[in-house]
Amino acid sequence: MLSPNTEAQINSVGCITNLAADEENKLAIARSGALIPLVRLGRSRDLRVQRNATGALLNMTHQAELREKLVAAGAVAVLVDLLHAKDEDTLYYAITALSNIAVDSDGRDALWSAQAKLVTELLQIMQVHKIKVQAQVALTLRNLASDARFQRAIVQSNGLDALLPLLQSSYTALVVAAAACLRNLSIHADNEDPIICAGLLPELMDLVPQADQPELQCHAIATIRNLAANNGSDKQAFIDAGLFDRFRMALESTDAQPQVLCELAAAFSVFALNDQLWRPVVELGMCHLLVRLLRCGHTDTEYNACLAIGSLAGKGHPEAAEELMRLWPRGLREGLARALTLPEYASSNVRPAVLWVLMALLNSRRAAVCKVLRADSQMLDAIESIGVSHVPSLSTSTSASWSLLPSFFATKGKSDEMATSPVIADCKTDVDDDGICGFAPEAQRMRSLAAQI
């Protein structure tokens, strides 16, 4: 690689590219001092040398440790300059390498120093190049949008106008990539109005029922959930775009995948909190679909369904309590009882969420609710049994403890990041806990409430 001979450069860099395709070789290549020559050859005037060097840099970006070394070796500036490459392969390698560097927060910090040029170039490329390149640009923007700074910068650079045609494309790969990017952009509260004004909401709604594309469904549902999480803005546009019709279609589909049902339940946990959206959930008969999710056998989905039902119960409005009581003998009671009595739920997130639902129902002070619960000795015995024991607290990486559930609801989904494959993030938050969570006081309080009213 250090030879002035072009043919020697082509062949030596080609060897490095092939060797770097094997994970076991990557660290040895870095230790050999090859990174700085590779970065330098990325600026070669010979297109063949440039292509091979960029391919080698790409192969080296699949390990976090090596991404740090590449950034330190000056690879970011070279890769950004390669966005002007005339060779399609070189351009694709450079974009993908930038996407992988954007997985890490330190990498995004380095990329932020070139953000004005980087974002502008990527958006221009996305509008004129082949489908493969367009899709990779969208995924690169998605990874950049794991950072709040890039979330705003992409939107302020008219990124939404560039994403809209991709979302309308007949090529599934383009639609998935655009939806994944929007999912991260939607996390920033200041992007809600621009996304809606850009006409993206109806397009997202149309993706929700597409049961043959579960990844696409998940991205669309999560994006809508994130947009709906701002309780202070007008949500009439969501209703006008067919929010509940599309979500009903997705929920009623016999082909719905578990990950899609989980996203749907998480979205309803947000809708149930919103002052404009909770009432249609009740009035349009969506609660029975939540009850169905409560008994689906997938704990994450059941957990999110509990959050939605608990939020509706906690509204304190008669129509919400009456609808839940109507569904009590039609599956709601069974779903809640399963989580309280079956041993497989002893350490799951669902059980404390069920306790919260019951507390919300009792706190509604509806005579019919208290009468039903007071007469349900099996339910009360199960609560008391939980109360005299200790249940391991909820994992800090996946949920909040029961005592923190109300504050959990307003949390938006975490951003996605991707190196070689997409990582789907749920609506989660991290909390501190002390290792155990005792429910005895809550059980006593629930029995006391039921007895007093």
# chains A, B, ... in the order shown; residues from 1 in each chain; ligands from 1
>>> closest_atom_pairs(of="region 17-110 of chain A", to="region 142-146 of chain A", cutoff="12 Å", atoms="only C-alpha atoms", output="Markdown table")
| residue | atom | partner | partner_atom | distance |
| --- | --- | --- | --- | --- |
| A:Ile95 | CA | A:Asn143 | CA | 11.5 |
| A:Thr96 | CA | A:Asn143 | CA | 10.7 |
| A:Ala97 | CA | A:Asn143 | CA | 11.5 |
| A:Leu98 | CA | A:Leu144 | CA | 9.1 |
| A:Ser99 | CA | A:Asn143 | CA | 6.2 |
| A:Asn100 | CA | A:Asn143 | CA | 8.0 |
| A:Ile101 | CA | A:Asn143 | CA | 8.9 |
| A:Ala102 | CA | A:Leu144 | CA | 5.5 |
| A:Val103 | CA | A:Asn143 | CA | 5.9 |
| A:Asp104 | CA | A:Asn143 | CA | 9.0 |
| A:Ser105 | CA | A:Ser146 | CA | 8.5 |
| A:Asp106 | CA | A:Leu144 | CA | 11.5 |
| A:Gly107 | CA | A:Leu144 | CA | 9.4 |
| A:Arg108 | CA | A:Leu144 | CA | 6.6 |
| A:Asp109 | CA | A:Leu144 | CA | 9.8 |
| A:Ala110 | CA | A:Leu144 | CA | 11.1 |
>>> write_last_selection(atoms="N, CA, C and O atoms", output="PDB file, in the first residue's frame")
ATOM      1  N   ILE A  95     -21.025   5.390   1.835  1.00  0.00           N
ATOM      2  CA  ILE A  95     -22.273   5.664   2.560  1.00  0.00           C
ATOM      3  C   ILE A  95     -22.494   4.626   3.653  1.00  0.00           C
ATOM      4  O   ILE A  95     -22.873   4.960   4.791  1.00  0.00           O
ATOM      5  N   THR A  96     -22.251   3.362   3.329  1.00  0.00           N
ATOM      6  CA  THR A  96     -22.469   2.288   4.302  1.00  0.00           C
ATOM      7  C   THR A  96     -21.473   2.387   5.445  1.00  0.00           C
ATOM      8  O   THR A  96     -21.825   2.145   6.611  1.00  0.00           O
ATOM      9  N   ALA A  97     -20.232   2.739   5.141  1.00  0.00           N
ATOM     10  CA  ALA A  97     -19.234   2.913   6.202  1.00  0.00           C
ATOM     11  C   ALA A  97     -19.629   4.057   7.135  1.00  0.00           C
ATOM     12  O   ALA A  97     -19.507   3.948   8.365  1.00  0.00           O
ATOM     13  N   LEU A  98     -20.139   5.153   6.578  1.00  0.00           N
ATOM     14  CA  LEU A  98     -20.614   6.266   7.401  1.00  0.00           C
ATOM     15  C   LEU A  98     -21.791   5.833   8.265  1.00  0.00           C
ATOM     16  O   LEU A  98     -21.915   6.233   9.428  1.00  0.00           O
ATOM     17  N   SER A  99     -22.650   4.996   7.705  1.00  0.00           N
ATOM     18  CA  SER A  99     -23.792   4.476   8.463  1.00  0.00           C
ATOM     19  C   SER A  99     -23.324   3.685   9.672  1.00  0.00           C
ATOM     20  O   SER A  99     -23.853   3.829  10.774  1.00  0.00           O
ATOM     21  N   ASN A 100     -22.304   2.857   9.481  1.00  0.00           N
ATOM     22  CA  ASN A 100     -21.791   2.047  10.589  1.00  0.00           C
ATOM     23  C   ASN A 100     -21.101   2.911  11.644  1.00  0.00           C
ATOM     24  O   ASN A 100     -21.239   2.659  12.846  1.00  0.00           O
ATOM     25  N   ILE A 101     -20.362   3.918  11.213  1.00  0.00           N
ATOM     26  CA  ILE A 101     -19.728   4.822  12.167  1.00  0.00           C
ATOM     27  C   ILE A 101     -20.786   5.558  12.978  1.00  0.00           C
ATOM     28  O   ILE A 101     -20.597   5.832  14.176  1.00  0.00           O
ATOM     29  N   ALA A 102     -21.937   5.837  12.375  1.00  0.00           N
ATOM     30  CA  ALA A 102     -23.016   6.565  13.057  1.00  0.00           C
ATOM     31  C   ALA A 102     -23.722   5.735  14.115  1.00  0.00           C
ATOM     32  O   ALA A 102     -24.564   6.259  14.849  1.00  0.00           O
ATOM     33  N   VAL A 103     -23.398   4.455  14.219  1.00  0.00           N
ATOM     34  CA  VAL A 103     -24.001   3.611  15.251  1.00  0.00           C
ATOM     35  C   VAL A 103     -23.577   4.064  16.647  1.00  0.00           C
ATOM     36  O   VAL A 103     -24.364   4.010  17.592  1.00  0.00           O
ATOM     37  N   ASP A 104     -22.336   4.517  16.787  1.00  0.00           N
ATOM     38  CA  ASP A 104     -21.785   4.867  18.095  1.00  0.00           C
ATOM     39  C   ASP A 104     -21.945   6.362  18.359  1.00  0.00           C
ATOM     40  O   ASP A 104     -21.817   7.187  17.444  1.00  0.00           O
ATOM     41  N   SER A 105     -22.166   6.702  19.618  1.00  0.00           N
ATOM     42  CA  SER A 105     -22.325   8.123  19.951  1.00  0.00           C
ATOM     43  C   SER A 105     -21.052   8.908  19.650  1.00  0.00           C
ATOM     44  O   SER A 105     -21.117  10.050  19.168  1.00  0.00           O
ATOM     45  N   ASP A 106     -19.883   8.299  19.900  1.00  0.00           N
ATOM     46  CA  ASP A 106     -18.619   8.982  19.581  1.00  0.00           C
ATOM     47  C   ASP A 106     -18.487   9.185  18.071  1.00  0.00           C
ATOM     48  O   ASP A 106     -17.988  10.226  17.621  1.00  0.00           O
ATOM     49  N   GLY A 107     -18.941   8.195  17.324  1.00  0.00           N
ATOM     50  CA  GLY A 107     -18.922   8.326  15.870  1.00  0.00           C
ATOM     51  C   GLY A 107     -19.823   9.448  15.398  1.00  0.00           C
ATOM     52  O   GLY A 107     -19.471  10.226  14.503  1.00  0.00           O
ATOM     53  N   ARG A 108     -21.002   9.540  16.003  1.00  0.00           N
ATOM     54  CA  ARG A 108     -21.925  10.627  15.623  1.00  0.00           C
ATOM     55  C   ARG A 108     -21.360  11.984  16.007  1.00  0.00           C
ATOM     56  O   ARG A 108     -21.578  12.973  15.305  1.00  0.00           O
ATOM     57  N   ASP A 109     -20.625  12.040  17.121  1.00  0.00           N
ATOM     58  CA  ASP A 109     -19.969  13.293  17.486  1.00  0.00           C
ATOM     59  C   ASP A 109     -18.973  13.710  16.411  1.00  0.00           C
ATOM     60  O   ASP A 109     -18.888  14.893  16.044  1.00  0.00           O
ATOM     61  N   ALA A 110     -18.199  12.744  15.915  1.00  0.00           N
ATOM     62  CA  ALA A 110     -17.231  13.043  14.856  1.00  0.00           C
ATOM     63  C   ALA A 110     -17.934  13.464  13.572  1.00  0.00           C
ATOM     64  O   ALA A 110     -17.493  14.385  12.872  1.00  0.00           O
TER      65      ALA A 110
END
>>> residues_around(residues="Val133 (chain A)", least_positions_apart="4", cutoff="7 Å", atoms="only C-alpha atoms", output="JSON, numbers by chain")
{"A": [92, 129, 137]}
>>> closest_residue(among="A:Asp206, A:Gly310, A:Lys371, A:Glu319", to="Leu355 (chain A)", atoms="only C-alpha atoms")
A:Gly310
>>> residues_around(residues="Ala198 (chain A)", least_positions_apart="4", cutoff="10 Å", atoms="only C-alpha atoms", output="list in words")
Asn158, Leu160, Asp161, Leu163, Leu164, Asp193 and Pro194 of chain A
>>> closest_atom_pairs(of="region 329-398 of chain A", to="region 294-309 of chain A", cutoff="6 Å", atoms="only C-alpha atoms", output="CSV")
residue,atom,partner,partner_atom,distance
A:Gly335,CA,A:Arg295,CA,5.3
A:Val350,CA,A:Tyr303,CA,4.7
A:Ala353,CA,A:Cys306,CA,5.9
>>> write_last_selection(atoms="C-alpha atoms", output="PDB file, in the first residue's frame")
ATOM      1  CA  GLY A 335     -56.541 -11.804  31.322  1.00  0.00           C
ATOM      2  CA  VAL A 350     -47.090  -7.980  33.425  1.00  0.00           C
ATOM      3  CA  ALA A 353     -48.911  -3.719  35.518  1.00  0.00           C
TER       4      ALA A 353
END
